[in-house]
Amino acid sequence: QVQLVESGGGLVQAGDSLRLSCTASGRTYRPYSMGWFRQASGKVRELVAAVNWNGSVTKYTDSVKGRFTVSRENDENRPYLYLQMNNLRPEDTAVYYCAADINEAWEAVVGVDDYDYWGQGTQVTVSS
């Protein structure tokens with residue numbers, strides 16, 4: 001069992017920046033891949049960014065490339081996942097979720113159905 005807790009969301013204006021954080025706990029730590037997803041009102045959940053266990057492989061959805069950066073830190077007990085979001089746009093408004101795929105370590109996993117654990121989400125609202 002893995003518990004994921006996101007933080008860092010909020011209300012900002014277009015062009016502003018935010019940094020989301022996710023802390024994992026609850027399971028004897030073994031390396032695994034993680035990702036950020038988002039779900040706007042009335043839309044399906046979509047990948048924002050994914051990263052493998054040591055940060056050497058990352059993937060992004062096209063709309064955030066060049067603006068968002070995913071990173072992680074792994075201490076001996078738990079991973080910390082981050083999403084630096086720059087030059088935010090109104091279309092980035094959504095609930096952002098942190099996710100863990102405990103069955104994969106070396107790949108940055110892009111499929112929403114591949115992830116095993118999810119956080120509760122944090123709201124990001126970008127006004128124009």
# chains A, B, ... in the order shown; residues from 1 in each chain; ligands from 1
>>> closest_atom_pairs(of="region 2-30 of chain A", to="region 77-101 of chain A", cutoff="7 Å", atoms="only C-alpha atoms", output="CSV")
residue,atom,partner,partner_atom,distance
A:Leu4,CA,A:Cys98,CA,6.8
A:Glu6,CA,A:Cys98,CA,6.5
A:Ala14,CA,A:Arg89,CA,5.0
A:Gly15,CA,A:Asn87,CA,4.0
A:Asp16,CA,A:Asn87,CA,5.4
A:Ser17,CA,A:Asn86,CA,4.4
A:Leu18,CA,A:Met85,CA,5.2
A:Arg19,CA,A:Gln84,CA,4.5
A:Leu20,CA,A:Leu83,CA,5.0
A:Ser21,CA,A:Tyr82,CA,4.5
A:Cys22,CA,A:Leu81,CA,4.9
A:Thr23,CA,A:Tyr80,CA,4.9
A:Ala24,CA,A:Arg78,CA,5.9
A:Ser25,CA,A:Arg78,CA,6.1
A:Tyr29,CA,A:Asn77,CA,5.7
>>> closest_residue(among="A:Ile102, A:Val44, A:Val5, A:Val109", to="Pro31 (chain A)", atoms="only C-alpha atoms")
A:Ile102
>>> atom_distance(atom1="CA of Gly111 (chain A)", atom2="CA of Leu47 (chain A)")
7.5 Å
>>> closest_residue(among="A:Phe68, A:Phe37, A:Trp106, A:Trp118", to="Asn54 (chain A)", atoms="only C-alpha atoms")
A:Trp106
>>> atom_distance(atom1="CA of Arg45 (chain A)", atom2="CA of Gly121 (chain A)")
11.5 Å
>>> select_by_dssp(residues="region 28-97 of chain A", states="strand (DSSP E)", output="MDAnalysis selection string")
chainID A and resid 33:39 46:51 58:60 68:74 79:85 94:97
>>> closest_residue(among="A:Val48, A:Ala40, A:Trp53, A:Asp113", to="Lys65 (chain A)", atoms="only C-alpha atoms")
A:Val48
>>> select_by_dssp(residues="chain A", states="helix (DSSP H, G or I)", output="JSON, numbers by chain")
{"A": [62, 63, 64, 90, 91, 92, 112, 113, 114]}
>>> atom_distance(atom1="CA of Gln39 (chain A)", atom2="CA of Glu107 (chain A)")
22.8 Å
>>> closest_residue(among="A:Tyr115, A:Ala108, A:Ala50, A:Lys43", to="Val2 (chain A)", atoms="only C-alpha atoms")
A:Tyr115
>>> decode(residues="region 16-58 of chain A", atoms="N, CA and C atoms", output="mmCIF file, in the first residue's frame")
data_model
loop_
_atom_site.group_PDB
_atom_site.id
_atom_site.type_symbol
_atom_site.label_atom_id
_atom_site.label_comp_id
_atom_site.auth_asym_id
_atom_site.auth_seq_id
_atom_site.Cartn_x
_atom_site.Cartn_y
_atom_site.Cartn_z
ATOM 1 N N ASP A 16 1.959 32.897 -14.704
ATOM 2 C CA ASP A 16 2.569 32.628 -13.403
ATOM 3 C C ASP A 16 3.132 31.212 -13.343
ATOM 4 N N SER A 17 3.781 30.920 -12.228
ATOM 5 C CA SER A 17 4.369 29.605 -11.989
ATOM 6 C C SER A 17 3.828 29.001 -10.704
ATOM 7 N N LEU A 18 3.827 27.674 -10.664
ATOM 8 C CA LEU A 18 3.499 26.919 -9.465
ATOM 9 C C LEU A 18 4.401 25.703 -9.402
ATOM 10 N N ARG A 19 4.626 25.221 -8.193
ATOM 11 C CA ARG A 19 5.378 23.983 -8.020
ATOM 12 C C ARG A 19 4.546 23.013 -7.189
ATOM 13 N N LEU A 20 4.212 21.892 -7.785
ATOM 14 C CA LEU A 20 3.479 20.849 -7.086
ATOM 15 C C LEU A 20 4.455 19.857 -6.471
ATOM 16 N N SER A 21 4.074 19.349 -5.315
ATOM 17 C CA SER A 21 4.886 18.339 -4.630
ATOM 18 C C SER A 21 4.023 17.135 -4.305
ATOM 19 N N CYS A 22 4.659 15.990 -4.234
ATOM 20 C CA CYS A 22 3.956 14.753 -3.872
ATOM 21 C C CYS A 22 4.885 13.936 -2.989
ATOM 22 N N THR A 23 4.347 13.504 -1.863
ATOM 23 C CA THR A 23 5.097 12.662 -0.946
ATOM 24 C C THR A 23 4.458 11.287 -0.892
ATOM 25 N N ALA A 24 5.282 10.250 -0.972
ATOM 26 C CA ALA A 24 4.801 8.876 -0.911
ATOM 27 C C ALA A 24 5.202 8.254 0.415
ATOM 28 N N SER A 25 4.330 7.419 0.948
ATOM 29 C CA SER A 25 4.637 6.723 2.190
ATOM 30 C C SER A 25 3.825 5.451 2.256
ATOM 31 N N GLY A 26 4.143 4.612 3.241
ATOM 32 C CA GLY A 26 3.295 3.475 3.556
ATOM 33 C C GLY A 26 3.785 2.132 3.092
ATOM 34 N N ARG A 27 4.791 2.083 2.256
ATOM 35 C CA ARG A 27 5.271 0.810 1.742
ATOM 36 C C ARG A 27 6.769 0.800 1.842
ATOM 37 N N THR A 28 7.324 -0.338 2.238
ATOM 38 C CA THR A 28 8.779 -0.434 2.242
ATOM 39 C C THR A 28 9.278 -0.035 0.873
ATOM 40 N N TYR A 29 10.124 0.976 0.868
ATOM 41 C CA TYR A 29 10.420 1.604 -0.414
ATOM 42 C C TYR A 29 11.247 0.708 -1.311
ATOM 43 N N ARG A 30 10.725 0.500 -2.514
ATOM 44 C CA ARG A 30 11.493 -0.055 -3.616
ATOM 45 C C ARG A 30 11.328 0.898 -4.778
ATOM 46 N N PRO A 31 12.296 0.986 -5.643
ATOM 47 C CA PRO A 31 12.202 1.952 -6.737
ATOM 48 C C PRO A 31 10.987 1.711 -7.623
ATOM 49 N N TYR A 32 10.272 2.781 -7.948
ATOM 50 C CA TYR A 32 9.154 2.643 -8.878
ATOM 51 C C TYR A 32 8.942 3.954 -9.630
ATOM 52 N N SER A 33 8.265 3.834 -10.749
ATOM 53 C CA SER A 33 7.991 4.990 -11.591
ATOM 54 C C SER A 33 6.810 5.776 -11.033
ATOM 55 N N MET A 34 6.799 7.077 -11.341
ATOM 56 C CA MET A 34 5.736 7.948 -10.862
ATOM 57 C C MET A 34 5.324 8.908 -11.967
ATOM 58 N N GLY A 35 4.187 9.517 -11.766
ATOM 59 C CA GLY A 35 3.715 10.440 -12.786
ATOM 60 C C GLY A 35 2.766 11.480 -12.235
ATOM 61 N N TRP A 36 2.572 12.517 -13.019
ATOM 62 C CA TRP A 36 1.560 13.536 -12.752
ATOM 63 C C TRP A 36 0.497 13.453 -13.843
ATOM 64 N N PHE A 37 -0.739 13.450 -13.405
ATOM 65 C CA PHE A 37 -1.876 13.476 -14.311
ATOM 66 C C PHE A 37 -2.758 14.663 -13.940
ATOM 67 N N ARG A 38 -3.651 15.014 -14.845
ATOM 68 C CA ARG A 38 -4.615 16.064 -14.521
ATOM 69 C C ARG A 38 -5.969 15.731 -15.135
ATOM 70 N N GLN A 39 -6.982 16.279 -14.509
ATOM 71 C CA GLN A 39 -8.336 16.072 -15.004
ATOM 72 C C GLN A 39 -9.101 17.371 -14.887
ATOM 73 N N ALA A 40 -9.432 17.928 -16.041
ATOM 74 C CA ALA A 40 -10.248 19.135 -16.089
ATOM 75 C C ALA A 40 -11.719 18.754 -15.993
ATOM 76 N N SER A 41 -12.530 19.698 -15.618
ATOM 77 C CA SER A 41 -13.956 19.431 -15.447
ATOM 78 C C SER A 41 -14.571 18.920 -16.745
ATOM 79 N N GLY A 42 -15.222 17.780 -16.685
ATOM 80 C CA GLY A 42 -15.873 17.216 -17.851
ATOM 81 C C GLY A 42 -14.966 16.494 -18.823
ATOM 82 N N LYS A 43 -13.709 16.337 -18.464
ATOM 83 C CA LYS A 43 -12.754 15.687 -19.369
ATOM 84 C C LYS A 43 -12.134 14.462 -18.704
ATOM 85 N N VAL A 44 -11.494 13.645 -19.519
ATOM 86 C CA VAL A 44 -10.847 12.449 -18.989
ATOM 87 C C VAL A 44 -9.512 12.825 -18.359
ATOM 88 N N ARG A 45 -9.061 11.961 -17.477
ATOM 89 C CA ARG A 45 -7.756 12.172 -16.853
ATOM 90 C C ARG A 45 -6.661 11.935 -17.882
ATOM 91 N N GLU A 46 -5.682 12.829 -17.917
ATOM 92 C CA GLU A 46 -4.617 12.728 -18.907
ATOM 93 C C GLU A 46 -3.250 12.858 -18.262
ATOM 94 N N LEU A 47 -2.269 12.245 -18.920
ATOM 95 C CA LEU A 47 -0.902 12.350 -18.453
ATOM 96 C C LEU A 47 -0.394 13.775 -18.625
ATOM 97 N N VAL A 48 0.314 14.262 -17.623
ATOM 98 C CA VAL A 48 1.049 15.511 -17.742
ATOM 99 C C VAL A 48 2.532 15.207 -17.925
ATOM 100 N N ALA A 49 3.077 14.422 -16.988
ATOM 101 C CA ALA A 49 4.492 14.080 -17.044
ATOM 102 C C ALA A 49 4.721 12.788 -16.267
ATOM 103 N N ALA A 50 5.706 12.025 -16.712
ATOM 104 C CA ALA A 50 6.061 10.788 -16.042
ATOM 105 C C ALA A 50 7.570 10.705 -15.912
ATOM 106 N N VAL A 51 8.013 9.971 -14.891
ATOM 107 C CA VAL A 51 9.446 9.867 -14.628
ATOM 108 C C VAL A 51 9.749 8.477 -14.095
ATOM 109 N N ASN A 52 10.897 7.945 -14.457
ATOM 110 C CA ASN A 52 11.277 6.643 -13.929
ATOM 111 C C ASN A 52 11.880 6.792 -12.534
ATOM 112 N N TRP A 53 12.368 5.702 -11.989
ATOM 113 C CA TRP A 53 12.694 5.713 -10.563
ATOM 114 C C TRP A 53 13.828 6.648 -10.195
ATOM 115 N N ASN A 54 14.780 6.842 -11.095
ATOM 116 C CA ASN A 54 15.920 7.691 -10.736
ATOM 117 C C ASN A 54 15.928 9.015 -11.481
ATOM 118 N N GLY A 55 14.870 9.308 -12.206
ATOM 119 C CA GLY A 55 14.786 10.599 -12.891
ATOM 120 C C GLY A 55 15.503 10.663 -14.220
ATOM 121 N N SER A 56 16.057 9.556 -14.673
ATOM 122 C CA SER A 56 16.836 9.580 -15.911
ATOM 123 C C SER A 56 15.969 9.542 -17.168
ATOM 124 N N VAL A 57 14.717 9.153 -17.020
ATOM 125 C CA VAL A 57 13.792 9.096 -18.159
ATOM 126 C C VAL A 57 12.534 9.883 -17.796
ATOM 127 N N THR A 58 12.161 10.821 -18.639
ATOM 128 C CA THR A 58 10.954 11.603 -18.425
ATOM 129 C C THR A 58 10.144 11.668 -19.716
#
